[in-house]
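Structure data (CSV, C-alpha atoms) from target-v8.csv:
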```
chain,number,residue,atom,x,y,z
A,6,MET,CA,-66.7,-14.6,6.6
A,7,ALA,CA,-63.0,-13.9,7.1
A,8,SER,CA,-61.9,-13.1,10.7
A,9,SER,CA,-60.0,-10.0,11.7
A,10,ALA,CA,-57.0,-12.2,12.4
A,11,ASP,CA,-56.5,-12.6,8.6
A,12,ILE,CA,-55.2,-9.0,8.4
A,13,GLU,CA,-51.7,-10.4,9.0
A,14,GLN,CA,-51.9,-11.7,5.4
A,15,ASN,CA,-52.0,-8.1,4.2
A,16,TYR,CA,-48.9,-6.9,6.1
A,17,GLN,CA,-46.6,-5.0,3.7
A,18,VAL,CA,-42.8,-4.9,3.4
A,19,LYS,CA,-41.3,-1.4,3.6
A,20,TYR,CA,-38.1,-1.0,1.7
A,21,SER,CA,-35.5,1.7,2.2
A,22,GLU,CA,-35.5,4.6,-0.3
A,23,LYS,CA,-31.7,5.1,-0.1
A,24,TRP,CA,-28.8,2.9,-1.0
A,25,GLY,CA,-26.4,1.9,1.8
A,26,SER,CA,-22.8,0.9,1.4
A,27,TYR,CA,-20.9,-2.2,2.3
A,28,LEU,CA,-17.9,-1.7,4.7
A,29,GLN,CA,-14.8,-1.2,2.7
A,30,GLN,CA,-11.5,0.8,2.5
A,31,GLU,CA,-12.6,4.0,0.8
A,32,ALA,CA,-9.3,5.9,0.2
A,33,SER,CA,-5.7,5.1,-0.5
A,34,ARG,CA,-3.7,4.7,2.7
A,35,LEU,CA,-0.3,4.5,1.2
A,36,ASP,CA,-0.1,7.4,-1.4
A,37,LYS,CA,1.0,9.9,1.2
A,38,TYR,CA,3.9,7.8,2.2
A,39,VAL,CA,5.6,7.2,-1.1
A,40,THR,CA,7.1,9.4,-3.8
A,41,VAL,CA,4.5,10.1,-6.5
A,42,GLU,CA,5.1,11.0,-10.1
A,43,THR,CA,2.0,12.0,-12.2
A,44,GLY,CA,1.4,12.6,-15.9
A,45,LEU,CA,3.6,9.7,-17.0
A,46,SER,CA,3.5,8.3,-20.5
A,47,GLY,CA,5.2,5.6,-22.5
A,48,ARG,CA,5.3,1.8,-22.2
A,49,MET,CA,7.7,2.2,-19.3
A,50,VAL,CA,9.4,4.9,-17.2
A,51,ALA,CA,13.0,4.6,-16.2
A,52,PHE,CA,14.4,6.1,-12.9
A,53,ASP,CA,18.1,6.6,-13.3
A,54,GLN,CA,20.1,7.0,-10.1
A,55,TYR,CA,23.7,7.9,-9.2
A,56,GLY,CA,25.5,5.5,-6.9
A,57,THR,CA,28.1,6.2,-4.2
A,58,LEU,CA,31.7,7.1,-4.7
A,59,SER,CA,34.8,6.7,-2.4
A,60,PHE,CA,38.2,8.3,-2.6
A,61,ASP,CA,41.4,6.4,-3.3
A,62,GLU,CA,44.3,7.3,-1.0
A,63,LYS,CA,47.3,8.7,-2.9
A,64,SER,CA,50.5,6.6,-2.3
A,65,THR,CA,53.0,7.9,-5.0
A,66,ARG,CA,54.3,11.3,-6.2
A,67,MET,CA,53.1,12.4,-9.6
A,68,GLY,CA,51.6,9.0,-10.3
A,69,GLN,CA,49.3,7.9,-13.1
A,70,THR,CA,45.7,9.2,-12.9
A,71,SER,CA,43.1,6.5,-12.8
A,72,LEU,CA,39.7,7.2,-14.2
A,73,ALA,CA,36.6,5.4,-12.6
A,74,GLU,CA,33.3,4.9,-14.3
A,75,ALA,CA,30.4,6.8,-12.8
A,76,PRO,CA,28.3,4.4,-10.7
A,77,THR,CA,24.8,4.7,-12.3
A,78,PHE,CA,21.8,2.5,-11.7
A,79,ARG,CA,18.4,2.2,-13.4
A,80,ARG,CA,15.0,1.0,-12.1
A,81,VAL,CA,12.1,0.6,-14.5
A,82,MET,CA,8.4,1.0,-13.9
A,83,PHE,CA,5.6,-0.4,-16.1
A,84,PRO,CA,2.0,0.8,-16.0
A,85,ARG,CA,-0.8,-1.5,-15.0
A,86,VAL,CA,-4.2,-0.6,-16.5
A,87,PHE,CA,-7.5,-1.1,-14.7
A,88,THR,CA,-11.0,-0.7,-16.0
A,89,LYS,CA,-14.5,-1.5,-14.7
A,90,ALA,CA,-17.9,-0.9,-16.3
A,91,VAL,CA,-21.3,-1.2,-14.5
A,92,GLY,CA,-24.5,-1.2,-16.5
A,93,PHE,CA,-28.2,-0.4,-15.8
A,94,ASP,CA,-31.1,-1.4,-18.1
A,95,GLU,CA,-33.2,1.4,-19.6
A,96,PHE,CA,-36.2,0.3,-17.5
A,97,ASP,CA,-34.4,-0.1,-14.2
A,98,ALA,CA,-35.4,3.4,-13.1
A,99,LYS,CA,-39.1,2.6,-13.6
A,100,LYS,CA,-38.9,-0.8,-12.0
A,101,LEU,CA,-37.0,0.5,-8.9
A,102,ALA,CA,-40.0,2.9,-8.3
A,103,GLN,CA,-39.2,5.0,-5.2
A,104,ILE,CA,-35.5,4.3,-5.1
A,105,ASP,CA,-33.1,5.9,-7.5
A,106,VAL,CA,-30.8,4.1,-9.9
A,107,PRO,CA,-27.6,3.9,-7.9
A,108,VAL,CA,-25.3,5.9,-10.3
A,109,SER,CA,-23.7,8.0,-7.6
A,110,LYS,CA,-23.2,5.0,-5.3
A,111,THR,CA,-21.6,3.2,-8.3
A,112,ILE,CA,-19.2,6.1,-8.8
A,113,GLU,CA,-18.4,6.2,-5.1
A,114,SER,CA,-17.8,2.5,-5.0
A,115,LEU,CA,-15.6,2.6,-8.1
A,116,ARG,CA,-13.5,5.4,-6.6
A,117,ALA,CA,-13.0,3.3,-3.4
A,118,ALA,CA,-12.1,0.2,-5.5
A,119,ALA,CA,-9.5,2.3,-7.4
A,120,ALA,CA,-7.9,3.5,-4.1
A,121,ARG,CA,-7.6,-0.1,-2.9
A,122,SER,CA,-6.2,-1.3,-6.3
A,123,MET,CA,-3.6,1.5,-6.2
A,124,ASP,CA,-2.5,0.4,-2.7
A,125,SER,CA,-2.3,-3.2,-4.0
A,126,VAL,CA,-0.2,-2.1,-6.9
A,127,MET,CA,2.3,-0.4,-4.5
A,128,LEU,CA,2.4,-3.4,-2.2
A,129,ASP,CA,2.8,-5.9,-5.0
A,130,ALA,CA,5.7,-3.9,-6.4
A,131,PHE,CA,7.4,-3.2,-3.1
A,132,LEU,CA,7.3,-6.8,-2.0
A,133,GLY,CA,7.7,-8.5,-5.4
A,134,THR,CA,9.9,-8.6,-8.5
A,135,ASN,CA,11.1,-5.3,-9.9
A,136,HIS,CA,12.8,-4.6,-13.2
A,137,THR,CA,16.0,-2.9,-14.4
A,138,GLY,CA,18.2,-2.8,-17.5
A,139,GLU,CA,18.0,-0.8,-20.7
A,140,ASN,CA,14.7,-2.4,-21.8
A,141,GLY,CA,13.4,-3.3,-18.3
A,142,THR,CA,13.9,-7.0,-18.9
A,143,THR,CA,16.2,-7.8,-16.0
A,144,GLU,CA,14.3,-9.0,-13.0
A,145,VAL,CA,15.2,-7.9,-9.4
A,146,ALA,CA,13.7,-10.1,-6.7
A,147,PHE,CA,13.2,-8.9,-3.1
A,148,PRO,CA,16.5,-9.9,-1.4
A,149,LYS,CA,16.5,-12.3,1.5
A,150,THR,CA,19.1,-10.1,3.2
A,151,GLN,CA,16.3,-7.5,3.7
A,152,GLU,CA,14.0,-9.9,5.4
A,153,ILE,CA,13.3,-10.5,9.1
A,154,ALA,CA,12.2,-14.1,9.8
A,155,ALA,CA,8.9,-14.9,11.6
A,156,ASP,CA,10.9,-16.6,14.4
A,157,PHE,CA,13.4,-13.7,15.0
A,158,VAL,CA,14.3,-12.9,18.6
A,159,ASP,CA,16.9,-10.6,20.2
A,160,SER,CA,18.3,-13.5,22.2
A,161,GLY,CA,17.4,-17.0,23.3
A,162,SER,CA,15.6,-19.7,21.4
A,163,LYS,CA,13.9,-18.7,18.1
A,164,LYS,CA,10.1,-18.8,18.2
A,165,ASN,CA,7.4,-17.7,15.7
A,166,SER,CA,5.8,-14.5,16.7
A,167,ASN,CA,3.6,-11.7,15.4
A,168,LEU,CA,5.0,-8.1,15.3
A,169,THR,CA,7.3,-7.4,18.2
A,170,VAL,CA,9.4,-4.5,19.4
A,171,ALA,CA,12.5,-6.7,18.8
A,172,LYS,CA,11.5,-7.0,15.1
A,173,LEU,CA,11.0,-3.3,14.8
A,174,ARG,CA,14.4,-2.7,16.4
A,175,ARG,CA,16.0,-5.1,13.9
A,176,ALA,CA,14.2,-3.3,11.0
A,177,LEU,CA,15.4,0.1,12.1
A,178,HIS,CA,18.9,-1.2,12.6
A,179,MET,CA,19.0,-2.6,9.0
A,180,LEU,CA,17.7,0.6,7.5
A,181,GLN,CA,20.3,2.7,9.5
A,182,ALA,CA,23.2,0.3,8.8
A,183,SER,CA,22.6,0.7,5.0
A,184,GLU,CA,22.3,4.5,5.4
A,185,ALA,CA,18.7,4.3,4.0
A,186,TRP,CA,17.6,6.1,7.1
A,187,SER,CA,19.3,8.8,9.1
A,188,GLU,CA,18.5,12.0,10.9
A,189,GLU,CA,19.7,13.9,7.8
A,190,ARG,CA,17.0,12.2,5.8
A,191,ARG,CA,14.4,13.1,8.4
A,192,ALA,CA,15.6,16.7,8.2
A,193,TYR,CA,15.1,16.7,4.5
A,194,GLY,CA,11.5,15.7,4.9
A,195,ASP,CA,11.9,11.9,4.4
A,196,GLU,CA,9.8,9.5,6.4
A,197,LEU,CA,10.1,6.0,7.9
A,198,VAL,CA,7.0,3.9,7.2
A,199,LEU,CA,5.6,0.6,8.4
A,200,ALA,CA,2.7,-1.1,6.7
A,201,CYS,CA,0.9,-3.8,8.8
A,202,THR,CA,-2.5,-5.2,9.5
A,203,SER,CA,-4.8,-4.9,12.5
A,204,SER,CA,-3.3,-8.2,13.8
A,205,GLN,CA,0.2,-6.7,14.0
A,206,ILE,CA,-1.1,-3.5,15.7
A,207,ASN,CA,-2.9,-5.6,18.3
A,208,SER,CA,0.2,-7.6,18.9
A,209,LEU,CA,2.3,-4.4,19.2
A,210,LEU,CA,-0.2,-2.9,21.7
A,211,MET,CA,0.3,-5.9,24.0
A,212,GLU,CA,4.1,-5.3,24.1
A,213,PRO,CA,5.1,-3.8,27.5
A,214,GLU,CA,7.3,-1.2,25.8
A,215,VAL,CA,4.5,0.2,23.7
A,216,GLY,CA,2.3,0.9,26.7
A,217,SER,CA,5.0,2.3,28.8
A,218,PHE,CA,5.3,6.1,29.4
A,219,ASP,CA,9.0,5.7,28.8
A,220,TYR,CA,8.5,4.4,25.3
A,221,ASN,CA,5.3,6.0,23.9
A,222,SER,CA,2.4,8.3,24.6
A,223,VAL,CA,-0.4,6.7,26.5
A,224,ARG,CA,-2.8,8.2,23.9
A,225,ALA,CA,-2.1,5.3,21.6
A,226,LEU,CA,-3.6,2.9,24.1
A,227,VAL,CA,-6.5,5.2,25.1
A,228,GLU,CA,-7.5,5.6,21.5
A,229,GLY,CA,-6.9,2.0,20.7
A,230,ARG,CA,-4.3,2.6,18.1
A,231,VAL,CA,-0.6,3.1,17.5
A,232,ASP,CA,0.3,5.9,15.1
A,233,THR,CA,4.0,6.2,15.4
A,234,PHE,CA,6.6,4.1,17.3
A,235,MET,CA,10.4,4.0,17.2
A,236,GLY,CA,10.3,6.5,14.4
A,237,PHE,CA,8.0,4.5,12.2
A,238,ARG,CA,4.8,6.0,10.8
A,239,ILE,CA,2.5,3.0,11.2
A,240,ILE,CA,-0.1,2.5,8.4
A,241,ARG,CA,-2.8,-0.1,8.8
A,242,THR,CA,-3.7,-2.0,5.6
A,243,GLU,CA,-5.5,-5.3,5.3
A,244,LEU,CA,-4.1,-5.8,1.8
A,245,LEU,CA,-0.7,-7.3,2.8
A,246,PRO,CA,-0.2,-10.9,1.7
A,247,LEU,CA,-0.9,-13.8,4.1
A,248,ALA,CA,0.5,-17.3,3.3
A,249,THR,CA,0.2,-20.3,5.6
A,250,GLY,CA,-0.4,-18.2,8.6
A,251,THR,CA,2.5,-15.8,8.0
A,252,ARG,CA,1.9,-12.1,7.1
A,253,SER,CA,4.4,-10.2,5.0
A,254,CYS,CA,4.6,-6.7,6.6
A,255,LEU,CA,6.9,-4.0,5.1
A,256,ALA,CA,9.0,-1.2,6.4
A,257,TRP,CA,10.4,1.4,4.0
A,258,VAL,CA,11.8,4.9,3.6
A,259,LYS,CA,9.5,7.1,1.7
A,260,SER,CA,12.0,8.5,-0.8
A,261,ARG,CA,12.9,4.9,-1.9
A,262,ALA,CA,9.3,3.9,-2.7
A,263,GLN,CA,8.2,5.1,-6.1
A,264,PHE,CA,4.6,5.3,-7.3
A,265,GLY,CA,3.6,6.6,-10.8
A,266,ILE,CA,0.3,7.5,-12.4
A,267,TRP,CA,-0.1,7.3,-16.2
A,268,ASP,CA,-3.8,8.0,-16.1
A,269,ASP,CA,-5.6,9.1,-12.9
A,270,PHE,CA,-9.0,7.8,-11.9
A,271,LYS,CA,-11.7,8.9,-14.4
A,272,VAL,CA,-15.4,8.1,-14.9
A,273,LYS,CA,-17.5,8.3,-18.0
A,274,ILE,CA,-21.3,7.9,-18.1
A,275,SER,CA,-22.7,7.0,-21.5
A,276,VAL,CA,-25.8,5.4,-23.1
A,277,ARG,CA,-25.1,2.2,-25.0
A,278,ASP,CA,-27.2,2.1,-28.1
A,279,ASP,CA,-25.8,-1.4,-28.8
A,280,LEU,CA,-27.3,-2.7,-25.6
A,281,ASP,CA,-30.9,-1.3,-25.9
A,282,GLU,CA,-29.9,2.1,-24.5
A,283,ALA,CA,-28.5,0.7,-21.3
A,284,LEU,CA,-26.7,3.2,-19.1
A,285,GLN,CA,-23.0,2.5,-18.7
A,286,VAL,CA,-20.8,3.8,-15.9
A,287,ARG,CA,-17.2,3.1,-16.8
A,288,ALA,CA,-14.1,4.0,-14.8
A,289,LYS,CA,-10.4,3.6,-15.6
A,290,PHE,CA,-6.9,4.4,-14.3
A,291,ALA,CA,-3.3,3.3,-15.0
A,292,CYS,CA,-0.5,3.3,-12.5
A,293,GLY,CA,2.7,1.5,-11.5
A,294,ALA,CA,5.2,1.2,-8.7
A,295,THR,CA,8.8,0.1,-7.9
A,296,ARG,CA,11.5,0.0,-5.3
A,297,LEU,CA,14.2,2.5,-6.1
A,298,GLN,CA,16.7,0.7,-3.9
A,299,GLU,CA,16.4,-2.6,-2.0
A,300,GLU,CA,18.2,-1.3,1.0
A,301,GLY,CA,15.3,1.1,1.6
A,302,PHE,CA,12.9,-1.7,2.4
A,303,VAL,CA,12.7,-4.4,5.1
A,304,LYS,CA,10.2,-7.3,4.9
A,305,ILE,CA,9.0,-8.3,8.4
A,306,LEU,CA,7.4,-11.8,8.5
A,307,CYS,CA,4.7,-12.0,11.3
A,308,ALA,CA,3.0,-15.2,12.4
A,309,GLU,CA,-0.7,-14.9,12.7
A,310,SER,CA,-1.5,-18.6,13.4
A,311,ASP,CA,-3.3,-19.4,16.7
A,312,ALA,CA,-0.2,-21.3,17.9
A,313,ALA,CA,1.9,-18.1,17.4
A,314,LEU,CA,-0.4,-15.6,19.1
```
Entire entry expressed as structure tokens:
Amino acid sequence: MASSADIEQNYQVKYSEKWGSYLQQEASRLDKYVTVETGLSGRMVAFDQYGTLSFDEKSTRMGQTSLAEAPTFRRVMFPRVFTKAVGFDEFDAKKLAQIDVPVSKTIESLRAAAARSMDSVMLDAFLGTNHTGENGTTEVAFPKTQEIAADFVDSGSKKNSNLTVAKLRRALHMLQASEAWSEERRAYGDELVLACTSSQINSLLMEPEVGSFDYNSVRALVEGRVDTFMGFRIIRTELLPLATGTRSCLAWVKSRAQFGIWDDFKVKISVRDDLDEALQVRAKFACGATRLQEEGFVKILCAESDAAL
């Protein structure tokens, strides 16, 4: 006769009746801090810009008039198309029993993935090669002159470092010196933006100037975050590229960062007769981005290696 201790063999496993979600970035963090154009079409979109003029001083009486060409520039943006389809077998609902087929969770996850992809499109374009010319075939690389080295210091011996107040001061100076940023632009509604990761924010919080009442609100330290500093709106994103322990962070002026949407995020649910009536959840979108002017961007290289922290 079986003993009562054998009841352990009949213990059951209770499963959740709801689908949870993995931790992830669920919304775009950059779209509010760039210039956005929607409803675009065509294989490319050109943004034509008028350059700067300067006067010539008159040195003769009734001299010959000299005509100058209008300084015009073009930046071209191409669409990048993204799709994703997730399928469920016709008998999945029966086999899942008490738990529903996760269609709504799939749509939610696809929307979050689209937001991250859009942020990546912007960062790839702002940090990478852009295009100009009549047919958009002329490449424009990110200039070294708009880059702050990982070992930048105000004075003394150079040493690799994460994000520092000295690097922010340098970035602000570069943007002001090229007239990319000024109080007039702020008055017009323009904005100064800095994209960095949690590593840079943590490094910045350890800077004495950030914690000082003379430099910033103590609220930033109380809440464990830095929102604005030295005029920069600080946006945390973990999507910035990391290579050999060095993170490429980016400061920019909102009006110089262009993002375009050819086709906004859309989802279609359909039954696939060619796949035994499987349920298909398919999402798509198309977007692109470009720098409008190199002087409106500054790449800040930040060391994240253990030796540099």
Give the answer as one residue: which of A:Arg85, A:Lys164, A:Lys259, A:Arg80 has the shortest atom-to-atom distance to Gly194 of chain A, using only C-alpha atoms?
A:Lys259
Calculated over all atoms listed in the file, which of the candidates A:Gly265, A:Val276, A:Ala283, A:Arg191 has the smallest distance to Val126 of chain A?
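Closest residue, counting all atoms listed in the file: A:Gly265.
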If you measure from atom CA of Tyr55 of chain A to atom CA of Arg238 of chain A, what distance in Å do you get, rounded to one decimal?
27.6 Å
Just want the 6 Å neighbourhood of segment 199-216 of chain A, counted on all atoms listed in the file, with same-chain residues fewer than 6 positions away dropped. Output as a list of chain:residue names.
A:Leu168, A:Thr169, A:Phe237, A:Arg238, A:Ile239, A:Ile240, A:Arg241, A:Thr242, A:Glu243, A:Cys254, A:Leu255, A:Ala256
So which residues are close to (12.9, -10.6, 20.2), meaning at most 10 Å away in the file's coordinates with all atoms listed in the file counted, and can you show them as a PyMOL selection string?
chain A and resi 156-164+166+168-175
What does the distance from atom CA of Ala98 of chain A to atom CA of Lys273 of chain A come to in Å, to one decimal?
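Going from atom CA of Ala98 of chain A over to atom CA of Lys273 of chain A covers 19.2 Å.
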Report, in Å to a single decimal, how far apart atom CA of Val50 of chain A and atom CA of Glu74 of chain A are.
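Separation between atom CA of Glu74 of chain A and atom CA of Val50 of chain A: 24.1 Å.
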Might you pull out every residue within 9 Å of Gly236 of chain A, with all atoms listed in the file counted and same-chain residues fewer than 5 positions away left off, and present them as a PyMOL selection string?
chain A and resi 177+196-198
Tell me, as JSON, numbers by chain, which residues lie within 10 Å of Cys292 of chain A, counting all atoms listed in the file; anything in the same chain fewer than 4 positions away does not count.
{"A": [42, 43, 45, 82, 83, 84, 85, 86, 87, 122, 123, 126, 127, 264, 265, 266, 267, 268, 269, 270]}
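Shortest separation to Gln298 of chain A among A:Ser46, A:Ser187, A:Thr142, A:Ser260 occurs at residue A:Ser260, atoms counted being only C-alpha atoms.
With all atoms listed in the file as the atoms that count, the residue of A:Ala32, A:Leu306, A:Leu58, A:Met179 with the shortest distance to Ala117 of chain A is A:Ala32.
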For a quick check of your reading of the model, name the residues lying within 10 Å of the coordinate (-13.6, 11.0, -13.2), counting all atoms listed in the file, and write them as a list of chain:residue names.
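Residues with an atom at most 10 Å from (-13.6, 11.0, -13.2): A:Ile112, A:Arg116, A:Asp269, A:Phe270, A:Lys271, A:Val272, A:Lys273, A:Ile274, A:Arg287, A:Ala288, A:Lys289, A:Phe290.
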With a distance cut-off of 12 Å and all atoms listed in the file, select the neighbouring residues of segment 75-78 of chain A, excluding the residue or stretch itself and same-chain residues fewer than 3 positions from it, and output the selection as a list in words.
Ala51, Phe52, Asp53, Gln54, Tyr55, Gly56, Thr57, Leu58, Ser59, Leu72, Val81, His136, Thr137, Gly138, Glu139, Leu297 and Gln298 of chain A
What's the 10 Å shell around Lys304 of chain A, counting only C-alpha atoms, without same-chain residues fewer than 2 positions away, as a PDB file with C-alpha atoms, in the frame of the given file?
```pdb
ATOM      1  CA  PHE A 131       7.400  -3.200  -3.100  1.00  0.00           C
ATOM      2  CA  LEU A 132       7.300  -6.800  -2.000  1.00  0.00           C
ATOM      3  CA  PHE A 147      13.200  -8.900  -3.100  1.00  0.00           C
ATOM      4  CA  PRO A 148      16.500  -9.900  -1.400  1.00  0.00           C
ATOM      5  CA  LYS A 149      16.500 -12.300   1.500  1.00  0.00           C
ATOM      6  CA  THR A 150      19.100 -10.100   3.200  1.00  0.00           C
ATOM      7  CA  GLN A 151      16.300  -7.500   3.700  1.00  0.00           C
ATOM      8  CA  GLU A 152      14.000  -9.900   5.400  1.00  0.00           C
ATOM      9  CA  ILE A 153      13.300 -10.500   9.100  1.00  0.00           C
ATOM     10  CA  ALA A 154      12.200 -14.100   9.800  1.00  0.00           C
ATOM     11  CA  ALA A 176      14.200  -3.300  11.000  1.00  0.00           C
ATOM     12  CA  LEU A 199       5.600   0.600   8.400  1.00  0.00           C
ATOM     13  CA  ALA A 200       2.700  -1.100   6.700  1.00  0.00           C
ATOM     14  CA  ARG A 252       1.900 -12.100   7.100  1.00  0.00           C
ATOM     15  CA  SER A 253       4.400 -10.200   5.000  1.00  0.00           C
ATOM     16  CA  CYS A 254       4.600  -6.700   6.600  1.00  0.00           C
ATOM     17  CA  LEU A 255       6.900  -4.000   5.100  1.00  0.00           C
ATOM     18  CA  ALA A 256       9.000  -1.200   6.400  1.00  0.00           C
ATOM     19  CA  TRP A 257      10.400   1.400   4.000  1.00  0.00           C
ATOM     20  CA  PHE A 302      12.900  -1.700   2.400  1.00  0.00           C
ATOM     21  CA  LEU A 306       7.400 -11.800   8.500  1.00  0.00           C
ATOM     22  CA  CYS A 307       4.700 -12.000  11.300  1.00  0.00           C
TER      23      CYS A 307
END
```
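Comparing the minimum interatomic distances between Glu300 of chain A and each of A:Ala102, A:Ala248, A:Ala182, A:Ala146, counting only C-alpha atoms, we find that A:Ala182 sits nearest.
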N, CA and C atoms are needed for segment 271-293 of chain A; please write them out as an mmCIF file, in the frame of the given file.
```cif
data_model
loop_
_atom_site.group_PDB
_atom_site.id
_atom_site.type_symbol
_atom_site.label_atom_id
_atom_site.label_comp_id
_atom_site.auth_asym_id
_atom_site.auth_seq_id
_atom_site.Cartn_x
_atom_site.Cartn_y
_atom_site.Cartn_z
ATOM 1 N N LYS A 271 -10.705 8.132 -13.636
ATOM 2 C CA LYS A 271 -11.700 8.900 -14.400
ATOM 3 C C LYS A 271 -12.939 8.041 -14.605
ATOM 4 N N VAL A 272 -14.100 8.731 -14.663
ATOM 5 C CA VAL A 272 -15.400 8.100 -14.900
ATOM 6 C C VAL A 272 -16.101 8.668 -16.044
ATOM 7 N N LYS A 273 -16.695 7.824 -16.872
ATOM 8 C CA LYS A 273 -17.500 8.300 -18.000
ATOM 9 C C LYS A 273 -18.856 7.590 -17.954
ATOM 10 N N ILE A 274 -19.922 8.385 -18.064
ATOM 11 C CA ILE A 274 -21.300 7.900 -18.100
ATOM 12 C C ILE A 274 -21.811 8.016 -19.525
ATOM 13 N N SER A 275 -22.281 6.937 -20.107
ATOM 14 C CA SER A 275 -22.700 7.000 -21.500
ATOM 15 C C SER A 275 -23.927 6.054 -21.692
ATOM 16 N N VAL A 276 -24.681 6.288 -22.766
ATOM 17 C CA VAL A 276 -25.800 5.400 -23.100
ATOM 18 C C VAL A 276 -25.321 4.482 -24.235
ATOM 19 N N ARG A 277 -25.509 3.174 -24.006
ATOM 20 C CA ARG A 277 -25.100 2.200 -25.000
ATOM 21 C C ARG A 277 -26.187 1.802 -25.910
ATOM 22 N N ASP A 278 -26.158 2.395 -27.118
ATOM 23 C CA ASP A 278 -27.200 2.100 -28.100
ATOM 24 C C ASP A 278 -27.119 0.627 -28.563
ATOM 25 N N ASP A 279 -25.938 0.007 -28.446
ATOM 26 C CA ASP A 279 -25.800 -1.400 -28.800
ATOM 27 C C ASP A 279 -26.363 -2.352 -27.813
ATOM 28 N N LEU A 280 -26.763 -1.843 -26.640
ATOM 29 C CA LEU A 280 -27.300 -2.700 -25.600
ATOM 30 C C LEU A 280 -28.692 -2.132 -25.161
ATOM 31 N N ASP A 281 -29.537 -1.830 -26.121
ATOM 32 C CA ASP A 281 -30.900 -1.300 -25.900
ATOM 33 C C ASP A 281 -30.883 -0.104 -24.958
ATOM 34 N N GLU A 282 -29.983 0.829 -25.242
ATOM 35 C CA GLU A 282 -29.900 2.100 -24.500
ATOM 36 C C GLU A 282 -29.633 1.921 -23.032
ATOM 37 N N ALA A 283 -28.872 0.893 -22.703
ATOM 38 C CA ALA A 283 -28.500 0.700 -21.300
ATOM 39 C C ALA A 283 -27.543 1.846 -20.892
ATOM 40 N N LEU A 284 -27.605 2.199 -19.612
ATOM 41 C CA LEU A 284 -26.700 3.200 -19.100
ATOM 42 C C LEU A 284 -25.434 2.573 -18.601
ATOM 43 N N GLN A 285 -24.291 3.068 -19.069
ATOM 44 C CA GLN A 285 -23.000 2.500 -18.700
ATOM 45 C C GLN A 285 -22.216 3.494 -17.863
ATOM 46 N N VAL A 286 -21.706 3.019 -16.736
ATOM 47 C CA VAL A 286 -20.800 3.800 -15.900
ATOM 48 C C VAL A 286 -19.452 3.098 -15.953
ATOM 49 N N ARG A 287 -18.487 3.730 -16.596
ATOM 50 C CA ARG A 287 -17.200 3.100 -16.800
ATOM 51 C C ARG A 287 -16.077 3.933 -16.188
ATOM 52 N N ALA A 288 -15.207 3.272 -15.442
ATOM 53 C CA ALA A 288 -14.100 4.000 -14.800
ATOM 54 C C ALA A 288 -12.779 3.306 -15.238
ATOM 55 N N LYS A 289 -11.683 4.089 -15.181
ATOM 56 C CA LYS A 289 -10.400 3.600 -15.600
ATOM 57 C C LYS A 289 -9.274 4.344 -14.891
ATOM 58 N N PHE A 290 -8.116 3.723 -14.804
ATOM 59 C CA PHE A 290 -6.900 4.400 -14.300
ATOM 60 C C PHE A 290 -5.716 3.485 -14.693
ATOM 61 N N ALA A 291 -4.531 4.071 -14.711
ATOM 62 C CA ALA A 291 -3.300 3.300 -15.000
ATOM 63 C C ALA A 291 -2.201 3.810 -14.080
ATOM 64 N N CYS A 292 -1.516 2.889 -13.429
ATOM 65 C CA CYS A 292 -0.500 3.300 -12.500
ATOM 66 C C CYS A 292 0.567 2.160 -12.371
ATOM 67 N N GLY A 293 1.672 2.466 -11.728
ATOM 68 C CA GLY A 293 2.700 1.500 -11.500
ATOM 69 C C GLY A 293 3.542 1.877 -10.290
#
```
